[in-house]
Structure formats: structure tokens, C-alpha cells
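Next up, start.txt (compact mmCIF, C-alpha atoms):
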```
# COMPACT_ATOMS: atom_id res chain seq x y z
CA MET A 121 116.57 118.44 106.49
CA LYS A 122 117.76 121.69 105.00
CA LYS A 123 114.96 124.22 104.84
CA THR A 124 114.30 125.49 101.34
CA ASP A 125 111.03 127.36 101.77
CA LYS A 126 110.10 130.48 103.65
CA ASN A 127 106.43 131.08 104.41
CA HIS A 128 105.60 127.60 103.19
CA LYS A 129 102.18 127.98 104.79
CA THR A 130 101.28 130.50 102.09
CA LEU A 131 101.91 127.82 99.46
CA ARG A 132 99.92 125.22 101.43
CA ASP A 133 96.95 127.55 101.79
CA ALA A 134 97.00 128.39 98.07
CA ILE A 135 97.15 124.70 97.19
CA LYS A 136 94.06 124.06 99.32
CA ARG A 137 92.21 126.65 97.29
CA LEU A 138 93.21 125.12 93.94
CA PRO A 139 90.03 124.44 91.95
CA GLY A 140 88.99 120.89 91.11
CA HIS A 141 88.15 119.70 87.58
CA GLU A 142 85.18 117.69 86.45
CA ALA A 143 85.81 114.66 84.32
CA PRO A 144 84.12 114.96 80.92
CA ALA A 145 80.67 113.36 80.81
CA ASP A 146 81.43 111.08 77.86
CA LEU A 147 84.58 109.61 79.38
CA TRP A 148 82.68 106.77 81.01
CA ASN A 149 81.36 105.67 77.60
CA ARG A 150 84.92 105.49 76.31
CA ILE A 151 86.04 103.48 79.33
CA GLU A 152 83.10 101.11 78.88
CA LEU A 153 83.88 100.64 75.22
CA LYS A 154 87.53 100.00 75.98
CA MET A 155 86.63 97.36 78.54
CA THR A 156 84.33 95.65 76.06
CA GLU A 157 86.99 95.73 73.36
CA SER A 158 89.66 94.36 75.66
CA HIS A 159 87.31 91.50 76.61
CA SER A 160 87.87 92.35 80.21
CA SER A 161 84.19 91.89 80.98
CA GLU A 162 84.14 88.42 82.33
CA LEU A 163 81.60 86.92 84.59
CA ASN A 164 82.85 84.93 87.53
CA ARG A 165 86.49 85.34 86.65
CA PRO A 166 87.61 83.62 89.90
CA VAL A 167 85.93 80.47 88.62
CA LEU A 168 88.03 80.61 85.46
CA GLN A 169 91.19 81.28 87.43
CA GLU A 170 90.58 78.28 89.63
CA ALA A 171 89.97 76.07 86.61
CA VAL A 172 93.12 77.35 84.90
CA SER A 173 95.23 76.62 87.98
CA GLU A 174 93.98 73.02 87.88
CA LEU A 175 94.86 72.70 84.20
CA GLN A 176 98.42 73.70 84.92
CA ASP A 177 98.92 70.62 87.07
CA ARG A 178 98.23 68.21 84.22
CA LYS A 179 100.92 66.47 82.22
CA ALA A 180 100.85 65.61 78.56
CA PRO A 181 100.08 61.93 77.90
CA GLY A 182 102.98 59.81 76.64
CA SER A 183 101.11 59.02 73.42
CA VAL A 184 101.48 62.62 72.31
CA TRP A 185 105.22 62.19 71.88
CA GLN A 186 104.70 59.06 69.84
CA SER A 187 102.51 60.99 67.43
CA ILE A 188 105.12 63.69 67.17
CA GLU A 189 107.80 61.12 66.50
CA ARG A 190 105.81 59.68 63.64
CA VAL A 191 105.51 63.11 62.09
CA LEU A 192 109.20 63.75 62.49
CA ASP A 193 109.96 60.42 60.85
CA GLY A 194 108.09 61.68 57.81
CA GLU A 195 105.26 59.16 57.71
CA ASN A 196 102.58 61.80 58.01
CA ARG A 197 104.41 64.17 55.68
CA LYS A 198 104.43 61.63 52.82
CA SER A 199 100.69 61.22 52.80
CA TRP A 200 100.09 64.79 51.72
CA ILE A 201 103.34 65.38 49.86
CA LYS A 202 102.65 62.70 47.22
CA PRO A 203 99.41 64.12 45.83
CA ALA A 204 100.85 67.64 46.14
CA VAL A 205 103.86 66.66 44.01
CA GLY A 206 101.58 64.82 41.59
CA ILE A 207 99.34 67.83 41.10
CA ALA A 208 102.31 70.16 40.74
CA ALA A 209 103.95 67.91 38.16
CA THR A 210 100.71 67.61 36.20
CA PHE A 211 100.37 71.36 36.09
CA LEU A 212 103.99 71.64 35.02
CA VAL A 213 103.37 69.22 32.18
CA LEU A 214 100.23 71.08 31.19
CA TRP A 215 102.10 74.33 31.23
CA ALA A 216 104.96 72.91 29.20
CA THR A 217 102.64 71.35 26.68
CA TRP A 218 100.20 74.19 26.17
CA ILE A 219 102.25 77.25 26.82
CA ALA A 220 105.96 76.67 26.44
CA LEU A 221 105.80 74.58 23.29
CA PRO A 222 104.47 76.64 20.42
CA GLY A 223 102.85 75.15 17.36
CA LEU A 224 100.86 72.47 19.12
CA GLU A 225 97.36 72.31 17.94
CA TYR A 226 94.54 71.88 20.35
CA ILE A 227 94.19 68.31 21.47
CA PRO A 228 90.49 67.62 21.87
CA PRO A 229 89.16 65.75 24.87
CA ILE A 230 89.47 61.98 24.73
CA ALA A 231 86.92 60.56 22.31
CA GLU A 232 85.86 57.04 21.49
CA THR A 233 88.20 55.76 18.79
CA GLU A 234 89.46 52.48 17.32
CA LEU A 235 92.90 53.35 18.62
CA THR A 236 93.51 51.52 21.85
CA VAL A 237 94.95 53.60 24.68
CA ILE A 238 96.40 51.85 27.67
CA VAL A 239 97.68 53.68 30.75
CA PRO A 240 100.61 51.58 31.82
CA SER A 241 101.08 50.76 35.45
CA ALA A 242 104.50 50.83 37.07
CA ALA A 243 104.80 47.12 36.29
CA THR A 244 103.80 47.46 32.63
CA LEU A 245 105.72 50.63 31.74
CA THR A 246 108.44 48.61 30.06
CA GLU A 247 105.87 46.86 27.83
CA TRP A 248 104.36 50.17 26.83
CA GLN A 249 107.79 51.58 26.04
CA GLU A 250 108.59 48.59 23.85
CA SER A 251 105.30 48.71 21.96
CA LYS A 252 105.70 52.46 21.44
CA GLU A 253 109.16 51.97 20.01
CA ALA A 254 107.83 49.22 17.75
CA GLU A 255 105.13 51.55 16.37
CA GLU A 256 107.65 54.30 15.79
CA ALA A 257 110.09 51.98 14.06
CA ARG A 258 107.40 50.93 11.60
CA VAL A 259 106.51 54.51 10.76
CA PHE A 260 110.00 55.95 10.55
CA ALA A 261 111.19 53.10 8.41
CA CYS A 262 108.74 54.47 5.85
CA LEU A 263 110.29 57.92 6.11
CA ASP A 264 113.95 56.89 6.07
CA SER A 265 114.28 56.81 2.34
CA MET A 266 112.25 59.96 1.64
CA GLU A 267 113.20 63.53 1.35
CA SER A 268 111.71 65.56 4.13
CA PHE A 269 108.34 67.15 3.50
CA PRO A 270 107.17 70.22 5.41
CA VAL A 271 103.93 68.57 6.54
CA VAL A 272 105.69 65.46 7.72
CA ASP A 273 108.39 67.59 9.35
CA SER A 274 105.85 69.54 11.43
CA LEU A 275 104.05 66.32 12.35
CA THR A 276 107.34 64.77 13.40
CA THR A 277 108.19 67.78 15.53
CA ARG A 278 104.81 67.57 17.19
CA TYR A 279 105.25 63.86 17.77
CA GLU A 280 108.55 64.44 19.52
CA GLU A 281 106.99 67.07 21.75
CA ILE A 282 104.17 64.71 22.73
CA VAL A 283 106.67 61.98 23.56
CA LEU A 284 108.62 64.38 25.79
CA SER A 285 105.43 65.10 27.75
CA LEU A 286 104.58 61.41 27.97
CA ASP A 287 108.03 60.58 29.30
CA SER A 288 107.51 63.13 32.11
CA LEU A 289 104.19 61.56 33.01
CA THR A 290 105.60 58.03 33.13
CA PHE A 291 107.66 59.16 36.07
CA LEU A 292 104.45 59.98 37.97
CA LEU A 293 102.80 56.75 36.81
CA GLN A 294 105.34 54.79 38.77
CA GLU A 295 103.72 55.89 42.04
CA PRO A 296 101.62 53.17 43.69
CA THR A 297 98.48 55.31 43.32
CA PRO A 298 98.94 57.80 40.51
CA HIS A 299 96.78 60.89 40.62
CA ALA A 300 93.64 60.82 38.50
CA ALA A 301 94.74 63.94 36.63
CA THR A 302 98.02 62.22 35.72
CA THR A 303 96.35 59.13 34.23
CA GLY A 304 93.79 61.30 32.41
CA ARG A 305 96.48 63.43 30.89
CA PHE A 306 98.49 60.33 29.90
CA LYS A 307 95.47 58.91 28.04
CA GLN A 308 94.99 62.18 26.20
CA LEU A 309 98.63 62.48 25.16
CA GLU A 310 98.93 58.80 24.24
CA LEU A 311 95.87 59.12 21.97
CA SER A 312 97.38 62.19 20.37
CA ARG A 313 100.66 60.33 19.89
CA LYS A 314 98.94 57.47 18.08
CA LYS A 315 96.95 59.85 15.86
CA THR A 316 100.07 61.82 15.01
CA LEU A 317 101.96 58.64 14.16
CA ALA A 318 99.06 57.57 11.95
CA LYS A 319 99.11 60.90 10.11
CA ILE A 320 102.87 60.69 9.63
CA GLU A 321 102.54 57.22 8.24
CA GLN A 322 99.65 58.18 6.01
CA GLN A 323 101.12 61.32 4.56
CA GLY A 324 104.67 60.08 4.29
CA CYS A 325 103.85 56.77 2.74
CA GLN A 326 101.22 58.36 0.49
CA LYS A 327 103.86 60.78 -0.76
CA LEU A 328 106.17 57.91 -1.25
CA GLY A 329 103.44 56.07 -2.97
CA ASP A 330 102.74 59.06 -5.20
CA ASP A 331 106.35 59.33 -6.14
CA GLU A 332 106.43 55.75 -6.97
CA MET B 113 97.13 109.07 106.67
CA ASN B 114 95.71 110.13 103.35
CA ALA B 115 96.32 113.27 101.34
CA SER B 116 93.65 115.15 103.28
CA GLY B 117 95.35 114.35 106.56
CA ASN B 118 92.63 112.02 107.84
CA ILE B 119 93.61 108.80 109.53
CA ARG B 120 91.62 105.83 108.25
CA PRO B 121 92.14 102.13 108.83
CA PHE B 122 93.61 100.33 105.84
CA GLY B 123 91.32 98.56 103.46
CA PRO B 124 88.11 99.71 101.85
CA ARG B 125 85.13 100.91 103.84
CA PRO B 126 82.30 98.38 104.10
CA GLU B 127 80.21 100.08 101.41
CA GLU B 128 83.27 100.29 99.17
CA GLN B 129 83.98 96.61 99.77
CA ARG B 130 80.48 95.79 98.50
CA LEU B 131 81.15 97.96 95.48
CA VAL B 132 84.46 96.18 94.84
CA THR B 133 82.78 92.78 95.05
CA LEU B 134 80.15 93.82 92.52
CA CYS B 135 82.83 95.30 90.26
CA LEU B 136 84.69 92.00 90.35
CA ASP B 137 81.48 90.35 89.14
CA GLN B 138 81.63 92.77 86.20
CA ASP B 139 78.50 94.58 87.38
CA ARG B 140 78.51 97.59 85.08
CA LEU B 141 76.43 99.76 87.40
CA ALA B 142 78.86 99.10 90.26
CA GLN B 143 81.82 99.92 88.01
CA LYS B 144 80.14 103.17 87.00
CA ALA B 145 79.47 104.00 90.66
CA LEU B 146 83.14 103.42 91.55
CA TYR B 147 84.22 105.53 88.62
CA ASP B 148 81.83 108.34 89.57
CA ARG B 149 83.16 108.31 93.11
CA TYR B 150 86.74 108.99 92.07
CA LYS B 151 86.57 110.46 88.59
CA ASP B 152 86.77 114.17 89.37
CA ALA B 153 89.59 113.88 91.90
CA MET B 154 91.56 111.63 89.57
CA TYR B 155 90.83 113.81 86.55
CA THR B 156 92.06 116.83 88.49
CA LEU B 157 95.24 114.94 89.32
CA CYS B 158 95.73 114.03 85.65
CA ILE B 159 95.16 117.61 84.53
CA ARG B 160 97.72 118.89 87.00
CA VAL B 161 100.32 116.33 85.99
CA LEU B 162 99.73 116.44 82.25
CA SER B 163 98.51 119.99 81.86
CA LYS B 164 96.50 119.10 78.74
CA ASP B 165 92.82 118.18 78.68
CA GLU B 166 93.12 115.57 75.95
CA LEU B 167 96.06 113.83 77.58
CA ALA B 168 94.36 113.93 80.96
CA GLN B 169 91.23 112.31 79.51
CA ASP B 170 93.28 109.58 77.83
CA ALA B 171 95.18 108.95 81.03
CA LEU B 172 92.00 108.73 83.09
CA GLN B 173 90.45 106.34 80.58
CA GLU B 174 93.50 104.09 80.51
CA ALA B 175 93.84 104.19 84.27
CA PHE B 176 90.27 103.10 84.95
CA VAL B 177 90.41 100.31 82.39
CA ALA B 178 93.54 99.12 84.19
CA ILE B 179 91.84 99.55 87.58
CA PHE B 180 88.85 97.42 86.62
CA SER B 181 90.98 94.72 85.03
CA SER B 182 93.31 94.49 88.04
CA LEU B 183 90.79 95.03 90.83
CA ASP B 184 91.14 91.37 91.82
CA ARG B 185 94.72 92.16 92.81
CA PHE B 186 93.71 94.82 95.36
CA ARG B 187 94.68 93.29 98.66
CA GLY B 188 93.41 95.99 101.03
CA GLU B 189 96.91 96.95 102.20
CA SER B 190 95.95 100.58 101.56
CA THR B 191 92.66 102.38 101.13
CA LEU B 192 90.89 101.80 97.84
CA GLY B 193 91.29 105.47 96.97
CA ALA B 194 95.03 105.34 97.56
CA TRP B 195 95.31 102.22 95.41
CA ILE B 196 93.30 103.82 92.63
CA LYS B 197 95.33 107.02 92.84
CA THR B 198 98.59 105.09 92.53
CA ILE B 199 97.42 103.53 89.28
CA VAL B 200 96.23 106.90 88.00
CA VAL B 201 99.54 108.57 88.88
CA ARG B 202 101.59 105.88 87.16
CA THR B 203 99.39 106.04 84.08
CA ALA B 204 99.61 109.81 83.92
CA TYR B 205 103.36 109.75 84.42
CA ARG B 206 103.81 107.17 81.66
CA LYS B 207 101.85 109.45 79.35
CA LEU B 208 103.98 112.37 80.42
CA LYS B 209 107.18 110.53 79.59
CA LYS B 210 105.78 109.59 76.20
CA GLU B 211 105.18 113.24 75.46
CA LYS B 212 108.94 113.66 75.95
CA ASN B 213 108.80 117.01 77.59
CA ASN B 214 112.30 117.66 78.67
CA THR B 215 113.10 119.21 81.99
CA GLU B 216 114.34 122.67 81.37
CA GLU B 217 117.77 123.40 82.70
CA LEU B 218 117.64 126.16 85.23
CA GLU B 219 120.34 128.64 85.85
CA PRO B 220 122.34 127.66 88.90
CA ASP B 221 120.62 128.93 92.01
CA ARG B 222 122.43 131.06 94.48
CA GLU B 223 123.30 128.74 97.27
CA GLY B 224 121.47 129.19 100.50
CA GLU B 225 118.67 131.38 99.08
CA LEU B 226 115.28 130.40 100.42
CA ILE B 227 112.17 130.29 98.25
CA ASP B 228 109.85 132.90 99.74
CA TRP B 229 106.14 132.38 99.08
CA GLY B 230 105.14 135.65 100.66
CA ASP B 231 102.01 136.37 102.65
CA TYR B 232 99.33 135.39 100.13
CA LEU B 233 99.18 133.42 96.89
CA GLU B 234 96.14 133.44 94.63
CA ALA B 235 95.12 129.83 93.81
CA GLU B 236 94.06 130.74 90.28
CA TYR B 237 97.52 132.06 89.44
CA LEU B 238 99.22 129.19 91.24
CA GLU B 239 97.31 126.77 89.00
CA LYS B 240 98.44 128.59 85.87
CA ALA B 241 101.99 128.66 87.16
CA ILE B 242 101.91 124.90 87.89
CA ALA B 243 100.63 124.27 84.35
CA SER B 244 103.62 126.22 83.03
CA LEU B 245 106.15 124.03 84.81
CA PRO B 246 108.25 121.64 82.73
CA ALA B 247 106.75 118.15 82.83
CA GLY B 248 109.25 116.51 85.18
CA TYR B 249 109.10 119.35 87.72
CA ARG B 250 105.35 119.54 87.45
CA SER B 251 104.69 115.87 88.17
CA VAL B 252 106.88 115.81 91.29
CA PHE B 253 105.54 119.14 92.56
CA VAL B 254 101.93 118.03 92.13
CA LEU B 255 102.53 114.67 93.79
CA ILE B 256 104.48 116.04 96.76
CA GLU B 257 102.94 119.44 97.45
CA VAL B 258 99.40 119.02 96.09
CA GLU B 259 98.69 115.31 96.57
CA GLY B 260 100.75 114.92 99.72
CA TYR B 261 102.92 111.97 98.76
CA ALA B 262 106.27 111.44 100.44
CA HIS B 263 109.44 111.46 98.39
CA LYS B 264 109.85 107.70 98.90
CA GLU B 265 106.34 107.06 97.58
CA VAL B 266 106.91 109.33 94.57
CA ALA B 267 110.24 107.64 93.88
CA ASP B 268 108.55 104.22 93.92
CA MET B 269 105.67 105.32 91.71
CA LEU B 270 107.73 107.14 89.12
CA GLY B 271 110.72 104.84 89.14
CA ILE B 272 113.13 107.57 90.20
CA SER B 273 115.43 107.95 93.18
CA VAL B 274 114.48 109.84 96.34
CA GLY B 275 117.31 112.24 95.57
CA THR B 276 115.90 112.96 92.13
CA SER B 277 112.48 113.52 93.61
CA LYS B 278 113.87 116.05 96.10
CA SER B 279 115.93 117.76 93.46
CA GLN B 280 113.02 117.99 91.04
CA LEU B 281 110.82 119.44 93.76
CA TYR B 282 113.38 122.08 94.64
CA HIS B 283 113.79 123.10 91.03
CA ALA B 284 110.03 123.11 90.57
CA LYS B 285 109.62 125.57 93.41
CA ARG B 286 112.35 127.85 92.09
CA TYR B 287 110.74 127.74 88.67
CA LEU B 288 107.34 128.50 90.13
CA GLN B 289 108.73 131.47 91.99
CA ARG B 290 110.18 132.87 88.78
CA ILE B 291 106.90 132.36 86.92
CA LEU B 292 104.93 134.07 89.69
CA THR B 293 107.42 136.91 89.75
CA ALA B 294 107.11 137.28 85.99
CA MET B 295 103.33 137.41 86.41
CA GLY B 296 103.85 140.30 88.81
CA LEU B 297 102.41 138.32 91.66
CA ARG B 298 105.51 138.00 93.76
```
Full structure transcribed into C-alpha cells:
Amino acid sequence: MKKTDKNHKTLRDAIKRLPGHEAPADLWNRIELKMTESHSSELNRPVLQEAVSELQDRKAPGSVWQSIERVLDGENRKSWIKPAVGIAATFLVLWATWIALPGLEYIPPIAETELTVIVPSAATLTEWQESKEAEEARVFACLDSMESFPVVDSLTTRYEEIVLSLDSLTFLLQEPTPHAATTGRFKQLELSRKKTLAKIEQQGCQKLGDDE
Amino acid sequence: MNASGNIRPFGPRPEEQRLVTLCLDQDRLAQKALYDRYKDAMYTLCIRVLSKDELAQDALQEAFVAIFSSLDRFRGESTLGAWIKTIVVRTAYRKLKKEKNNTEELEPDREGELIDWGDYLEAEYLEKAIASLPAGYRSVFVLIEVEGYAHKEVADMLGISVGTSKSQLYHAKRYLQRILTAMGLR
């Protein structure tokens, strides 16, 4: 090896005389804290390691894949998707009715009344539709030959808005188990529809009656 | 053979082995005893490599946390002190690299000129001169000349080639000579 140093012993002797340094007294506390934070203080770690090595030899049971398959096929997804969609749609209807459609007056909570309100099931939706149309036909026949009146006009506008909301809800009512919020909202809107129709009939026909 | 030149059989001494066993059981007193046994020598090593108190403290802290968490992997192929020192060196070197101290480019040396250390060298001034070395030169100089590692060992620890280790050492010595000359000590 090519020699690079002359009097290398001088350097060696000086290095031997280099002073040592004391580690700061509080450094141990920091090390201790770090070990506690890193959760490295474990008792009997070899026991854990042995147990872990045994776990690694196990195989997943075949039934696990079957459960996964069911999820992938969507069966499990449907069970939570349906109520989630129902709730979202109900909120959308609420939002549309109360916020997006101006001019609607407050519809009070459902009260006991002589007006009969039926929440149609999926099987009876057609019947409800037909009876609704029959009610409307009776009322609007009364208005056909009249000039429009502002009060009747606003009531008619409100009626149309209520019907729009009801039509949205009938979609959700076709589910095998409609959400309770959906049926409650349907009852409320259906009651309001009947009351509005009654007002239209009363005010329109009264006006007609007055004219006559 | 360790840095002090003493020949010792590989593996920890019996009393150290008992300490290691207790440390593996997370006995805090045993861990403190192990730390106390090596802290000053390792701190001195960190100071010499890193040249800054704060960095040296951080390096020592990190190194001992790593030592205690990997003590189960000590296989007794070297002495416990040598194993601990290796971890400390690697930790200190990693910190040094993070600091991104670049090796200063030296002027080309005149070929064939030997580095003359003279008849006497004051240790106090040598320490200051070592602290003034650029980081890369300093770490290799400290490990080879002060700690007594071979170039192959330094190359393995620092992830450099043996050639780089030799080159860095040569440049470190030339640099030291210039510093000492500038101090009026050479």
C-alpha cells in the first residue's frame, strides 16, 4: 500500500489523548420516552413472536370466499342501499317542497280530519291514481266555464306542486317495505292535496254561484 | 480485535449476557445500565462524526432506541460493544447525510507528497481541526483513525466503496494538515 503519512505515530498519539465527552444527563429520559411512544416496551416478546409464527401457518376457511362472493353479487349491498336511497329521496322531496318551490304555505302536521287519507301500496297505486283523477275531474269541471280568479289560480298552482311531490313519493312507495318517513310524508301531502282541492271547489263554485 | 487493540472472544461477556437477557425482557433498569455502560463512548463518537451537540444527542437517542428494539437480533457474532457501535455509527452517518454537508473540493495535491504530522500534535487542537473537517471527510477519518475500523468495515457501514473510503481518508488528512498549518501548529 502506498504510504501517505510521515510520522504517523504523532497522529496516533494525539488521537489517544483526544478528550471524551459525557452524554447529557437528560438523554436517557428522552430515550425512555421514545421507547414508550414507539410501543417497543413489550413483555415476553419471544412469546408473541412464537404465536405469530403459528398464525402464519393457518389458511382461511373456504366459507370466507362464499361470504365475499355474496357481497360481490350485491345481495349485501342492497340491504343497506334501499333505506339509504329512500332517506335520500325523502330529503330531496322535502327540500323541493319546502325550499325550491316558493309560495307554499306551511302544511301543519297530520291532524284528525273527516278527509280519508290512504297510503297506497304498490298493488293499490293504480286505484289511488284513478280516484285522485276522479276527484280532480269533479273540481275542475266546476272551473272550466269560469274566468280565472287570483285566489283560485294560486290554489291551483299549489295543488299542482303538491301533486308533483306526491308523484315522486309514489315511486318510493313501490318498494316492498317503504321507509316510514316516505309513508308519513305521503299522508301529509295527500291530506294537503284533498284540502286544497276542497278549497278550490268551494271558492270556485261559490264564485260561480255568486255570479249566478 | 477491538478499537483499543484488545483481543476478546466474540459474543458478550457473561455479565453482559445477563444484562442483554434482562433488556430483552424490557427490564428498564437493565436497559438503563446498558445505556450507561456505553453512552459516553458512543456520544463521543457521535460528536466527532456530527460535530454538533444537538445532532449528536439526537443520533445517540435514535441509536439506542434502535438498539433496544433490535436487541433480539444480536447473534453474538461480534462483541456487544462492537454491535452497538455499528448501529450508532450508521445512525450518526444517516444524520450526517441528512444535514447535506457537501464534501469540499480540495485543490489537487502535488503527487507523491507525504502528509507530515511532525513530532508532536496537541490533542485539543486536533479535536478542533477534526470538527472543522467537511462532513464526509470527518466521518471516514473518525471511523478509520480514531475508532480503528478497517476500510472494508467503513465501506459496509456507510454504504460506500473501499476506494471511496481510502480517498476520503486521504483528503481528510490533507485537509487536517492545512487546518493545523493555518492554526500555526504545523
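One finds atom CA of Ala242 of chain A at 7.6 Å from atom CA of Pro296 of chain A.
Residues in contact with segment 213-215 of chain A at up to 12 Å, not including ones fewer than 4 positions away on its chain and judged by all atoms listed in the file, are A:Gly206, A:Ile207, A:Ala208, A:Ala209, A:Ile219, A:Ala220, A:Leu221, A:Pro222, A:Ile227, A:Glu281, A:Ile282, A:Val283, A:Leu284, A:Ser285, A:Leu286, A:Asp287, A:Ser288, A:Leu289, A:Thr290, A:Phe291, A:Leu292, A:Ala301, A:Thr302, A:Gly304, A:Arg305, A:Phe306, A:Gln308, A:Leu309.
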Write out the residues from the selection above, keeping C-alpha atoms, as a PDB file, keeping the file's coordinate frame.
```
ATOM      1  CA  GLY A 206     101.580  64.820  41.590  1.00  0.00           C
ATOM      2  CA  ILE A 207      99.340  67.830  41.100  1.00  0.00           C
ATOM      3  CA  ALA A 208     102.310  70.160  40.740  1.00  0.00           C
ATOM      4  CA  ALA A 209     103.950  67.910  38.160  1.00  0.00           C
ATOM      5  CA  ILE A 219     102.250  77.250  26.820  1.00  0.00           C
ATOM      6  CA  ALA A 220     105.960  76.670  26.440  1.00  0.00           C
ATOM      7  CA  LEU A 221     105.800  74.580  23.290  1.00  0.00           C
ATOM      8  CA  PRO A 222     104.470  76.640  20.420  1.00  0.00           C
ATOM      9  CA  ILE A 227      94.190  68.310  21.470  1.00  0.00           C
ATOM     10  CA  GLU A 281     106.990  67.070  21.750  1.00  0.00           C
ATOM     11  CA  ILE A 282     104.170  64.710  22.730  1.00  0.00           C
ATOM     12  CA  VAL A 283     106.670  61.980  23.560  1.00  0.00           C
ATOM     13  CA  LEU A 284     108.620  64.380  25.790  1.00  0.00           C
ATOM     14  CA  SER A 285     105.430  65.100  27.750  1.00  0.00           C
ATOM     15  CA  LEU A 286     104.580  61.410  27.970  1.00  0.00           C
ATOM     16  CA  ASP A 287     108.030  60.580  29.300  1.00  0.00           C
ATOM     17  CA  SER A 288     107.510  63.130  32.110  1.00  0.00           C
ATOM     18  CA  LEU A 289     104.190  61.560  33.010  1.00  0.00           C
ATOM     19  CA  THR A 290     105.600  58.030  33.130  1.00  0.00           C
ATOM     20  CA  PHE A 291     107.660  59.160  36.070  1.00  0.00           C
ATOM     21  CA  LEU A 292     104.450  59.980  37.970  1.00  0.00           C
ATOM     22  CA  ALA A 301      94.740  63.940  36.630  1.00  0.00           C
ATOM     23  CA  THR A 302      98.020  62.220  35.720  1.00  0.00           C
ATOM     24  CA  GLY A 304      93.790  61.300  32.410  1.00  0.00           C
ATOM     25  CA  ARG A 305      96.480  63.430  30.890  1.00  0.00           C
ATOM     26  CA  PHE A 306      98.490  60.330  29.900  1.00  0.00           C
ATOM     27  CA  GLN A 308      94.990  62.180  26.200  1.00  0.00           C
ATOM     28  CA  LEU A 309      98.630  62.480  25.160  1.00  0.00           C
TER      29      LEU A 309
END
```
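Between atom CA of Glu239 of chain B and atom CA of Leu138 of chain A the interatomic distance comes to 6.6 Å.
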Name the closest residue to chain A among the candidates B:Lys240, B:Lys209, B:Arg130, B:Arg290; distances are taken between atoms, counting all atoms listed in the file.
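Residue with the minimum atom-to-atom distance to chain A: B:Lys240.
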Computed interatomic separation between atom CA of Tyr279 of chain A and atom CA of Glu247 of chain A (Å):
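These atoms are spaced 19.8 Å apart.
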Which residue gives the smallest distance to Cys262 of chain A among A:Ala134, A:Ala300, A:Met155, A:Leu317, with all atoms listed in the file counted?
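Ranked by minimum distance to Cys262 of chain A, first place goes to A:Leu317.
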Can you work out which residues from chain A touch chain B at a cut-off of 6 Å (counting only C-alpha atoms) and hand them back as a PyMOL selection string?
chain A and resi 124-127+130+134+137-138+140-143+151+161+163-164
Residues near Val266 of chain B, anyone? I mean within 12 Å using all atoms listed in the file, not counting same-chain ones fewer than 2 positions away, as a VMD selection string.
chain B and resid 197 to 198 201 to 202 205 251 to 257 259 to 264 268 to 278 280 to 281
Which of these residues is nearest to Ala194 of chain B, using all atoms listed in the file: B:Gly248, B:Glu265, B:Leu208, B:Ile291?
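Once distances to Ala194 of chain B are computed over all atoms listed in the file, the minimum belongs to B:Glu265.
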Pick from B:Ala171, B:Leu141, B:Ala204, B:Val132, whichever lies nearest to Phe186 of chain B using only C-alpha atoms
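Result for the nearest residue to Phe186 of chain B: B:Val132.
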With distances taken over all atoms listed in the file, which residue among A:Val237, A:Ile320, A:Phe260, A:Leu153 lies nearest Leu275 of chain A?
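When distances to Leu275 of chain A are compared using all atoms listed in the file, the smallest one comes from A:Ile320.
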Grab segment 271-283 of chain B from that structure and dump N, CA, C and O atoms to a file, as a JSON list (two decimals), in the first residue's frame.
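Generated output (decode-v7.json):
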```json
[["chain", "number", "residue", "atom", "x", "y", "z"],
["B", 271, "GLY", "N", -22.06, 2.35, 3.37],
["B", 271, "GLY", "CA", -22.62, 2.12, 2.04],
["B", 271, "GLY", "C", -21.80, 2.80, 0.95],
["B", 271, "GLY", "O", -22.35, 3.33, -0.02],
["B", 272, "ILE", "N", -20.47, 2.83, 1.15],
["B", 272, "ILE", "CA", -19.60, 3.40, 0.13],
["B", 272, "ILE", "C", -18.60, 2.32, -0.29],
["B", 272, "ILE", "O", -18.55, 1.25, 0.32],
["B", 273, "SER", "N", -17.81, 2.63, -1.31],
["B", 273, "SER", "CA", -16.82, 1.64, -1.74],
["B", 273, "SER", "C", -15.56, 1.78, -0.91],
["B", 273, "SER", "O", -15.33, 2.82, -0.27],
["B", 274, "VAL", "N", -14.73, 0.74, -0.92],
["B", 274, "VAL", "CA", -13.45, 0.80, -0.20],
["B", 274, "VAL", "C", -12.58, 1.91, -0.79],
["B", 274, "VAL", "O", -11.91, 2.65, -0.06],
["B", 275, "GLY", "N", -12.65, 2.04, -2.10],
["B", 275, "GLY", "CA", -11.88, 3.10, -2.77],
["B", 275, "GLY", "C", -12.29, 4.49, -2.30],
["B", 275, "GLY", "O", -11.44, 5.35, -2.06],
["B", 276, "THR", "N", -13.58, 4.69, -2.16],
["B", 276, "THR", "CA", -14.08, 5.98, -1.68],
["B", 276, "THR", "C", -13.62, 6.23, -0.26],
["B", 276, "THR", "O", -13.22, 7.34, 0.10],
["B", 277, "SER", "N", -13.66, 5.19, 0.54],
["B", 277, "SER", "CA", -13.22, 5.31, 1.93],
["B", 277, "SER", "C", -11.75, 5.74, 1.99],
["B", 277, "SER", "O", -11.39, 6.66, 2.72],
["B", 278, "LYS", "N", -10.94, 5.10, 1.17],
["B", 278, "LYS", "CA", -9.50, 5.43, 1.17],
["B", 278, "LYS", "C", -9.28, 6.85, 0.66],
["B", 278, "LYS", "O", -8.46, 7.61, 1.20],
["B", 279, "SER", "N", -10.00, 7.19, -0.36],
["B", 279, "SER", "CA", -9.86, 8.53, -0.94],
["B", 279, "SER", "C", -10.30, 9.60, 0.04],
["B", 279, "SER", "O", -9.62, 10.63, 0.22],
["B", 280, "GLN", "N", -11.42, 9.36, 0.72],
["B", 280, "GLN", "CA", -11.92, 10.33, 1.68],
["B", 280, "GLN", "C", -10.93, 10.49, 2.83],
["B", 280, "GLN", "O", -10.73, 11.60, 3.35],
["B", 281, "LEU", "N", -10.33, 9.39, 3.24],
["B", 281, "LEU", "CA", -9.37, 9.46, 4.35],
["B", 281, "LEU", "C", -8.16, 10.28, 3.95],
["B", 281, "LEU", "O", -7.68, 11.13, 4.71],
["B", 282, "TYR", "N", -7.69, 10.06, 2.74],
["B", 282, "TYR", "CA", -6.51, 10.79, 2.26],
["B", 282, "TYR", "C", -6.81, 12.29, 2.22],
["B", 282, "TYR", "O", -6.03, 13.11, 2.72],
["B", 283, "HIS", "N", -7.95, 12.63, 1.66],
["B", 283, "HIS", "CA", -8.32, 14.04, 1.58],
["B", 283, "HIS", "C", -8.55, 14.64, 2.97],
["B", 283, "HIS", "O", -8.23, 15.81, 3.21]]
```
